[in-house]
Amino acid sequence: MDIDVLGALAVRENGISITPTAPKPRQVLALLALHADQVVPVSALIEELWAGEPPRSARTTLQTYVLQLRALIAAALEQGAAHGEQHPAPVRTAKDILVTLPGGYLLSSGGGTLDVREFDRLAGTGYRAMDAGDFPGAARLLREALALWSGPAFADVQGGVQLDMETRRLEETRLCALDQRIEADLRLGRHRELLAELTVLVTRYRTHENLHGQFMLALHRSGRRGEALDVYQRLRATLVRELGLEPSVALRRLQRSILMAGPESLAEAHAEPGTERLVRV
């Protein structure tokens with residue numbers, strides 16, 4: 001089974017889609033797919049579907065959705081068997097793939113691919129490369145991890161409480177990987193190449209201090225000191241107006257460095273071991 005959740009939901013068995021079109025079964029499959037090979041409690045599925053106000057028939061209705069998903073899986077298995085090899089692997093049934101267990105359900109991937117799992121693997125390896133000072137390796141690995149995203153997680157699923165929470169969590173992991181990839185590129189002197197990307201990002205994430213700090217640094221290293229200071233002032237105005245907060249100590253220190261230092265000395269100061277990282281907002 002191949003599972004994609006970092007964008008539109010796509011779940012395939014034998015290359016055949018088993019993703020339902022009806023909203024409620026789609027929600028059930030999305031939550032099971034995200035936690036493939038793990039038990040998802042019935043209580044979590046009911047909360048996802050009915051947001052704390054389940055009908056009396058909630059468990060029975062959930063069982064109906066599970067049966068609908070198994071019917072899609074069974075059809076995919078039959079279609080795959082019709083085009084199968086002469087000596088096929090041990091036959092799996094729909095109940096072997098969408099398994100009923102005490103207290104919940106489990107979607108068995110059968111060793112297939114899961115994009116969020118691959119993202120976590122690549123990003124984790126990229127973070128370790130950053131820690132080891134391997135900035136080219138970190139930039140490459142984190143770029144590969146981010147390339148797995150084709151849009152917001154579960155982009156075409158009408159999410160409930162559980163999926164909305166998971167979507168926010170996944171978006172934060174994407175932002176962390178993006179922040180570290182940009183950091184690696186800055187360490188490699190790619191400041192000019194980053195300007196267009198950072199222009200878009202600071203517009204999209206108007207209170208994200210790390211991205212604004214990276215944009216300030218890229219502008220200053222590109223000889224655009226005045227624009228770097230303008231970025232700081234715009235961020236400060238937004239933080240004060242919308243959150244009632246001043247920029248962090250780290251960002252104020254970066255602003256003072258830009259005011260007082262040339263691009264080369266600023267680059268050296270930014271690269272010093274122990275330099276405080278900007279705070280994510």
# chains A, B, ... in the order shown; residues from 1 in each chain; ligands from 1

call {"tool": "residues_around", "arguments": {"residues": "Leu201 of chain A", "least_positions_apart": "2", "cutoff": "12 Å", "atoms": "only C-alpha atoms", "output": "MDAnalysis selection string"}}
result
chainID A and resid 175 178:179 182 194:199 203:215

call {"tool": "residues_around", "arguments": {"residues": "Ala51 of chain A", "least_positions_apart": "6", "cutoff": "9 Å", "atoms": "only C-alpha atoms", "output": "list of chain:residue names"}}
result
A:Gly160, A:Val161, A:Gln162

call {"tool": "select_by_dssp", "arguments": {"residues": "segment 114-189 of chain A", "states": "alpha helix (DSSP H)", "output": "NGL selection string"}}
result
:A and (115-131 or 135-146 or 161-187)

call {"tool": "write_last_selection", "arguments": {"atoms": "C-alpha atoms", "output": "PDB file, in the first residue's frame"}}
result
ATOM      1  CA  ASP A 115       5.274  10.035   2.350  1.00  0.00           C
ATOM      2  CA  VAL A 116       5.145  11.452   5.878  1.00  0.00           C
ATOM      3  CA  ARG A 117       7.368   8.636   7.125  1.00  0.00           C
ATOM      4  CA  GLU A 118       9.878   9.332   4.348  1.00  0.00           C
ATOM      5  CA  PHE A 119       9.730  13.046   5.145  1.00  0.00           C
ATOM      6  CA  ASP A 120      10.543  12.370   8.806  1.00  0.00           C
ATOM      7  CA  ARG A 121      13.460  10.122   7.793  1.00  0.00           C
ATOM      8  CA  LEU A 122      14.997  12.610   5.361  1.00  0.00           C
ATOM      9  CA  ALA A 123      14.444  15.609   7.650  1.00  0.00           C
ATOM     10  CA  GLY A 124      15.944  13.796  10.633  1.00  0.00           C
ATOM     11  CA  THR A 125      19.012  12.862   8.605  1.00  0.00           C
ATOM     12  CA  GLY A 126      19.236  16.469   7.423  1.00  0.00           C
ATOM     13  CA  TYR A 127      19.131  17.792  10.997  1.00  0.00           C
ATOM     14  CA  ARG A 128      21.943  15.452  11.982  1.00  0.00           C
ATOM     15  CA  ALA A 129      23.976  16.664   8.994  1.00  0.00           C
ATOM     16  CA  MET A 130      23.423  20.261  10.172  1.00  0.00           C
ATOM     17  CA  ASP A 131      24.608  19.358  13.666  1.00  0.00           C
ATOM     18  CA  PHE A 135      25.821  22.006   5.244  1.00  0.00           C
ATOM     19  CA  PRO A 136      25.798  20.740   1.619  1.00  0.00           C
ATOM     20  CA  GLY A 137      24.424  17.382   2.796  1.00  0.00           C
ATOM     21  CA  ALA A 138      21.874  19.049   5.065  1.00  0.00           C
ATOM     22  CA  ALA A 139      20.644  21.351   2.302  1.00  0.00           C
ATOM     23  CA  ARG A 140      20.262  18.421  -0.116  1.00  0.00           C
ATOM     24  CA  LEU A 141      18.458  16.141   2.354  1.00  0.00           C
ATOM     25  CA  LEU A 142      16.097  18.822   3.607  1.00  0.00           C
ATOM     26  CA  ARG A 143      15.323  19.892   0.035  1.00  0.00           C
ATOM     27  CA  GLU A 144      14.442  16.265  -0.786  1.00  0.00           C
ATOM     28  CA  ALA A 145      12.225  16.081   2.303  1.00  0.00           C
ATOM     29  CA  LEU A 146      10.372  19.281   1.424  1.00  0.00           C
ATOM     30  CA  VAL A 161     -10.792  17.886  15.448  1.00  0.00           C
ATOM     31  CA  GLN A 162      -8.137  15.190  15.083  1.00  0.00           C
ATOM     32  CA  LEU A 163      -7.148  15.909  11.491  1.00  0.00           C
ATOM     33  CA  ASP A 164      -7.031  19.666  12.078  1.00  0.00           C
ATOM     34  CA  MET A 165      -4.637  19.080  14.984  1.00  0.00           C
ATOM     35  CA  GLU A 166      -2.499  16.729  12.890  1.00  0.00           C
ATOM     36  CA  THR A 167      -2.483  19.194   9.992  1.00  0.00           C
ATOM     37  CA  ARG A 168      -1.135  21.939  12.273  1.00  0.00           C
ATOM     38  CA  ARG A 169       1.496  19.567  13.651  1.00  0.00           C
ATOM     39  CA  LEU A 170       2.627  18.539  10.172  1.00  0.00           C
ATOM     40  CA  GLU A 171       2.783  22.158   9.024  1.00  0.00           C
ATOM     41  CA  GLU A 172       5.060  22.940  11.961  1.00  0.00           C
ATOM     42  CA  THR A 173       7.382  20.058  11.007  1.00  0.00           C
ATOM     43  CA  ARG A 174       7.471  21.410   7.438  1.00  0.00           C
ATOM     44  CA  LEU A 175       8.328  24.903   8.663  1.00  0.00           C
ATOM     45  CA  CYS A 176      11.107  23.516  10.872  1.00  0.00           C
ATOM     46  CA  ALA A 177      12.620  21.676   7.900  1.00  0.00           C
ATOM     47  CA  LEU A 178      12.260  24.769   5.718  1.00  0.00           C
ATOM     48  CA  ASP A 179      13.947  26.943   8.349  1.00  0.00           C
ATOM     49  CA  GLN A 180      16.894  24.549   8.596  1.00  0.00           C
ATOM     50  CA  ARG A 181      17.225  24.206   4.809  1.00  0.00           C
ATOM     51  CA  ILE A 182      17.395  27.980   4.435  1.00  0.00           C
ATOM     52  CA  GLU A 183      19.906  28.112   7.290  1.00  0.00           C
ATOM     53  CA  ALA A 184      22.075  25.535   5.481  1.00  0.00           C
ATOM     54  CA  ASP A 185      21.853  27.544   2.247  1.00  0.00           C
ATOM     55  CA  LEU A 186      22.885  30.713   4.089  1.00  0.00           C
ATOM     56  CA  ARG A 187      25.879  28.889   5.535  1.00  0.00           C
TER      57      ARG A 187
END

call {"tool": "residues_around", "arguments": {"residues": "Asp37 of chain A", "least_positions_apart": "2", "cutoff": "6 Å", "atoms": "only C-alpha atoms", "output": "short mmCIF file (atom, residue, chain, number, x, y, z; two decimals) with N, CA and C atoms, in the first residue's frame"}}
result
data_model
loop_
_atom_site.label_atom_id
_atom_site.label_comp_id
_atom_site.auth_asym_id
_atom_site.auth_seq_id
_atom_site.Cartn_x
_atom_site.Cartn_y
_atom_site.Cartn_z
N LEU A 106 -6.58 -0.64 12.58
CA LEU A 106 -5.22 -0.47 12.08
C LEU A 106 -5.21 -0.66 10.58
N LEU A 107 -4.59 0.28 9.87
CA LEU A 107 -4.39 0.17 8.43
C LEU A 107 -2.98 -0.34 8.20
N SER A 108 -2.86 -1.54 7.65
CA SER A 108 -1.56 -2.17 7.43
C SER A 108 -1.01 -1.75 6.07
#

call {"tool": "select_by_dssp", "arguments": {"residues": "segment 54-161 of chain A", "states": "strand (DSSP E)", "output": "PyMOL selection string"}}
result
chain A and resi 98-101+104-107

call {"tool": "write_last_selection", "arguments": {"atoms": "C-alpha atoms", "output": "CSV table (one decimal), in the first residue's frame"}}
result
chain,number,residue,atom,x,y,z
A,98,LEU,CA,-7.9,-2.8,7.5
A,99,VAL,CA,-7.7,-4.7,10.8
A,100,THR,CA,-10.2,-4.6,13.7
A,101,LEU,CA,-8.3,-4.8,17.0
A,104,GLY,CA,-9.6,0.5,17.5
A,105,TYR,CA,-8.6,-0.1,13.8
A,106,LEU,CA,-5.2,-0.5,12.1
A,107,LEU,CA,-4.4,0.2,8.4

call {"tool": "closest_residue", "arguments": {"among": "A:Ser257, A:Thr60, A:Gln68, A:Thr19", "to": "Arg225 of chain A", "atoms": "only C-alpha atoms"}}
result
A:Ser257

call {"tool": "closest_residue", "arguments": {"among": "A:Arg92, A:Arg192, A:Leu9, A:Ile258", "to": "Asp230 of chain A", "atoms": "only C-alpha atoms"}}
result
A:Ile258

call {"tool": "closest_residue", "arguments": {"among": "A:Ser109, A:Thr93, A:Ser43, A:Ser222", "to": "Ala58 of chain A", "atoms": "only C-alpha atoms"}}
result
A:Ser43

call {"tool": "atom_distance", "arguments": {"atom1": "atom CA of Gln255 of chain A", "atom2": "atom CA of Leu229 of chain A"}}
result
6.8 Å

call {"tool": "atom_distance", "arguments": {"atom1": "atom CA of Gln158 of chain A", "atom2": "atom CA of Pro54 of chain A"}}
result
17.2 Å

call {"tool": "closest_residue", "arguments": {"among": "A:Lys24, A:Gly103, A:Leu251, A:Ala36", "to": "Thr64 of chain A", "atoms": "only C-alpha atoms"}}
result
A:Lys24

call {"tool": "decode", "arguments": {"residues": "segment 69-180 of chain A", "atoms": "C-alpha atoms", "output": "PDB file, in the first residue's frame"}}
result
ATOM      1  CA  LEU A  69     -13.359   1.108   2.992  1.00  0.00           C
ATOM      2  CA  ARG A  70     -12.864  -2.650   3.058  1.00  0.00           C
ATOM      3  CA  ALA A  71     -15.087  -2.962  -0.007  1.00  0.00           C
ATOM      4  CA  LEU A  72     -12.793  -0.537  -1.858  1.00  0.00           C
ATOM      5  CA  ILE A  73      -9.737  -2.481  -0.678  1.00  0.00           C
ATOM      6  CA  ALA A  74     -11.279  -5.785  -1.749  1.00  0.00           C
ATOM      7  CA  ALA A  75     -12.031  -4.400  -5.214  1.00  0.00           C
ATOM      8  CA  ALA A  76      -8.420  -3.218  -5.539  1.00  0.00           C
ATOM      9  CA  LEU A  77      -7.138  -6.619  -4.445  1.00  0.00           C
ATOM     10  CA  GLU A  78      -9.338  -8.385  -6.987  1.00  0.00           C
ATOM     11  CA  GLN A  79      -8.220  -6.078  -9.767  1.00  0.00           C
ATOM     12  CA  GLY A  80      -4.596  -6.587  -8.776  1.00  0.00           C
ATOM     13  CA  ALA A  81      -5.031 -10.363  -8.692  1.00  0.00           C
ATOM     14  CA  ALA A  82      -6.534 -10.300 -12.185  1.00  0.00           C
ATOM     15  CA  HIS A  83      -3.267  -8.823 -13.448  1.00  0.00           C
ATOM     16  CA  GLY A  84      -1.058 -10.664 -10.979  1.00  0.00           C
ATOM     17  CA  GLU A  85       2.037 -12.796 -11.411  1.00  0.00           C
ATOM     18  CA  GLN A  86       2.086 -16.542 -11.980  1.00  0.00           C
ATOM     19  CA  HIS A  87       3.407 -17.091  -8.448  1.00  0.00           C
ATOM     20  CA  PRO A  88       1.824 -14.337  -6.367  1.00  0.00           C
ATOM     21  CA  ALA A  89       2.805 -13.486  -2.808  1.00  0.00           C
ATOM     22  CA  PRO A  90       0.626 -14.790   0.032  1.00  0.00           C
ATOM     23  CA  VAL A  91      -2.850 -13.391  -0.502  1.00  0.00           C
ATOM     24  CA  ARG A  92      -3.958 -10.567   1.764  1.00  0.00           C
ATOM     25  CA  THR A  93      -7.635  -9.927   2.354  1.00  0.00           C
ATOM     26  CA  ALA A  94      -9.328  -6.615   3.048  1.00  0.00           C
ATOM     27  CA  LYS A  95      -9.584  -7.592   6.722  1.00  0.00           C
ATOM     28  CA  ASP A  96      -5.816  -8.186   6.785  1.00  0.00           C
ATOM     29  CA  ILE A  97      -5.269  -4.648   5.519  1.00  0.00           C
ATOM     30  CA  LEU A  98      -7.879  -2.760   7.532  1.00  0.00           C
ATOM     31  CA  VAL A  99      -7.670  -4.696  10.770  1.00  0.00           C
ATOM     32  CA  THR A 100     -10.151  -4.631  13.658  1.00  0.00           C
ATOM     33  CA  LEU A 101      -8.331  -4.776  16.982  1.00  0.00           C
ATOM     34  CA  PRO A 102      -9.440  -4.324  20.600  1.00  0.00           C
ATOM     35  CA  GLY A 103     -10.306  -0.664  20.998  1.00  0.00           C
ATOM     36  CA  GLY A 104      -9.598   0.467  17.450  1.00  0.00           C
ATOM     37  CA  TYR A 105      -8.569  -0.114  13.845  1.00  0.00           C
ATOM     38  CA  LEU A 106      -5.217  -0.470  12.084  1.00  0.00           C
ATOM     39  CA  LEU A 107      -4.390   0.168   8.429  1.00  0.00           C
ATOM     40  CA  SER A 108      -1.563  -2.166   7.427  1.00  0.00           C
ATOM     41  CA  SER A 109       0.769  -0.687   4.822  1.00  0.00           C
ATOM     42  CA  GLY A 110       2.293  -4.091   4.058  1.00  0.00           C
ATOM     43  CA  GLY A 111       5.715  -2.520   3.694  1.00  0.00           C
ATOM     44  CA  GLY A 112       4.510   0.087   1.212  1.00  0.00           C
ATOM     45  CA  THR A 113       5.478   3.747   1.062  1.00  0.00           C
ATOM     46  CA  LEU A 114       4.218   6.520   3.339  1.00  0.00           C
ATOM     47  CA  ASP A 115       5.274  10.035   2.350  1.00  0.00           C
ATOM     48  CA  VAL A 116       5.145  11.452   5.878  1.00  0.00           C
ATOM     49  CA  ARG A 117       7.368   8.636   7.125  1.00  0.00           C
ATOM     50  CA  GLU A 118       9.878   9.332   4.348  1.00  0.00           C
ATOM     51  CA  PHE A 119       9.730  13.046   5.145  1.00  0.00           C
ATOM     52  CA  ASP A 120      10.543  12.370   8.806  1.00  0.00           C
ATOM     53  CA  ARG A 121      13.460  10.122   7.793  1.00  0.00           C
ATOM     54  CA  LEU A 122      14.997  12.610   5.361  1.00  0.00           C
ATOM     55  CA  ALA A 123      14.444  15.609   7.650  1.00  0.00           C
ATOM     56  CA  GLY A 124      15.944  13.796  10.633  1.00  0.00           C
ATOM     57  CA  THR A 125      19.012  12.862   8.605  1.00  0.00           C
ATOM     58  CA  GLY A 126      19.236  16.469   7.423  1.00  0.00           C
ATOM     59  CA  TYR A 127      19.131  17.792  10.997  1.00  0.00           C
ATOM     60  CA  ARG A 128      21.943  15.452  11.982  1.00  0.00           C
ATOM     61  CA  ALA A 129      23.976  16.664   8.994  1.00  0.00           C
ATOM     62  CA  MET A 130      23.423  20.261  10.172  1.00  0.00           C
ATOM     63  CA  ASP A 131      24.608  19.358  13.666  1.00  0.00           C
ATOM     64  CA  ALA A 132      27.736  17.768  12.152  1.00  0.00           C
ATOM     65  CA  GLY A 133      28.490  20.863  10.069  1.00  0.00           C
ATOM     66  CA  ASP A 134      27.744  19.120   6.765  1.00  0.00           C
ATOM     67  CA  PHE A 135      25.821  22.006   5.244  1.00  0.00           C
ATOM     68  CA  PRO A 136      25.798  20.740   1.619  1.00  0.00           C
ATOM     69  CA  GLY A 137      24.424  17.382   2.796  1.00  0.00           C
ATOM     70  CA  ALA A 138      21.874  19.049   5.065  1.00  0.00           C
ATOM     71  CA  ALA A 139      20.644  21.351   2.302  1.00  0.00           C
ATOM     72  CA  ARG A 140      20.262  18.421  -0.116  1.00  0.00           C
ATOM     73  CA  LEU A 141      18.458  16.141   2.354  1.00  0.00           C
ATOM     74  CA  LEU A 142      16.097  18.822   3.607  1.00  0.00           C
ATOM     75  CA  ARG A 143      15.323  19.892   0.035  1.00  0.00           C
ATOM     76  CA  GLU A 144      14.442  16.265  -0.786  1.00  0.00           C
ATOM     77  CA  ALA A 145      12.225  16.081   2.303  1.00  0.00           C
ATOM     78  CA  LEU A 146      10.372  19.281   1.424  1.00  0.00           C
ATOM     79  CA  ALA A 147       9.893  18.124  -2.185  1.00  0.00           C
ATOM     80  CA  LEU A 148       7.558  15.410  -0.862  1.00  0.00           C
ATOM     81  CA  TRP A 149       4.990  18.106  -0.081  1.00  0.00           C
ATOM     82  CA  SER A 150       2.603  18.906  -2.937  1.00  0.00           C
ATOM     83  CA  GLY A 151       0.421  21.251  -0.864  1.00  0.00           C
ATOM     84  CA  PRO A 152      -1.010  21.514   2.664  1.00  0.00           C
ATOM     85  CA  ALA A 153      -1.412  18.148   4.396  1.00  0.00           C
ATOM     86  CA  PHE A 154      -4.838  16.571   3.728  1.00  0.00           C
ATOM     87  CA  ALA A 155      -5.541  19.394   1.274  1.00  0.00           C
ATOM     88  CA  ASP A 156      -8.694  17.755  -0.098  1.00  0.00           C
ATOM     89  CA  VAL A 157     -10.070  16.308   3.151  1.00  0.00           C
ATOM     90  CA  GLN A 158     -12.684  18.102   5.228  1.00  0.00           C
ATOM     91  CA  GLY A 159     -10.982  17.596   8.570  1.00  0.00           C
ATOM     92  CA  GLY A 160     -12.433  17.383  12.056  1.00  0.00           C
ATOM     93  CA  VAL A 161     -10.792  17.886  15.448  1.00  0.00           C
ATOM     94  CA  GLN A 162      -8.137  15.190  15.083  1.00  0.00           C
ATOM     95  CA  LEU A 163      -7.148  15.909  11.491  1.00  0.00           C
ATOM     96  CA  ASP A 164      -7.031  19.666  12.078  1.00  0.00           C
ATOM     97  CA  MET A 165      -4.637  19.080  14.984  1.00  0.00           C
ATOM     98  CA  GLU A 166      -2.499  16.729  12.890  1.00  0.00           C
ATOM     99  CA  THR A 167      -2.483  19.194   9.992  1.00  0.00           C
ATOM    100  CA  ARG A 168      -1.135  21.939  12.273  1.00  0.00           C
ATOM    101  CA  ARG A 169       1.496  19.567  13.651  1.00  0.00           C
ATOM    102  CA  LEU A 170       2.627  18.539  10.172  1.00  0.00           C
ATOM    103  CA  GLU A 171       2.783  22.158   9.024  1.00  0.00           C
ATOM    104  CA  GLU A 172       5.060  22.940  11.961  1.00  0.00           C
ATOM    105  CA  THR A 173       7.382  20.058  11.007  1.00  0.00           C
ATOM    106  CA  ARG A 174       7.471  21.410   7.438  1.00  0.00           C
ATOM    107  CA  LEU A 175       8.328  24.903   8.663  1.00  0.00           C
ATOM    108  CA  CYS A 176      11.107  23.516  10.872  1.00  0.00           C
ATOM    109  CA  ALA A 177      12.620  21.676   7.900  1.00  0.00           C
ATOM    110  CA  LEU A 178      12.260  24.769   5.718  1.00  0.00           C
ATOM    111  CA  ASP A 179      13.947  26.943   8.349  1.00  0.00           C
ATOM    112  CA  GLN A 180      16.894  24.549   8.596  1.00  0.00           C
TER     113      GLN A 180
END
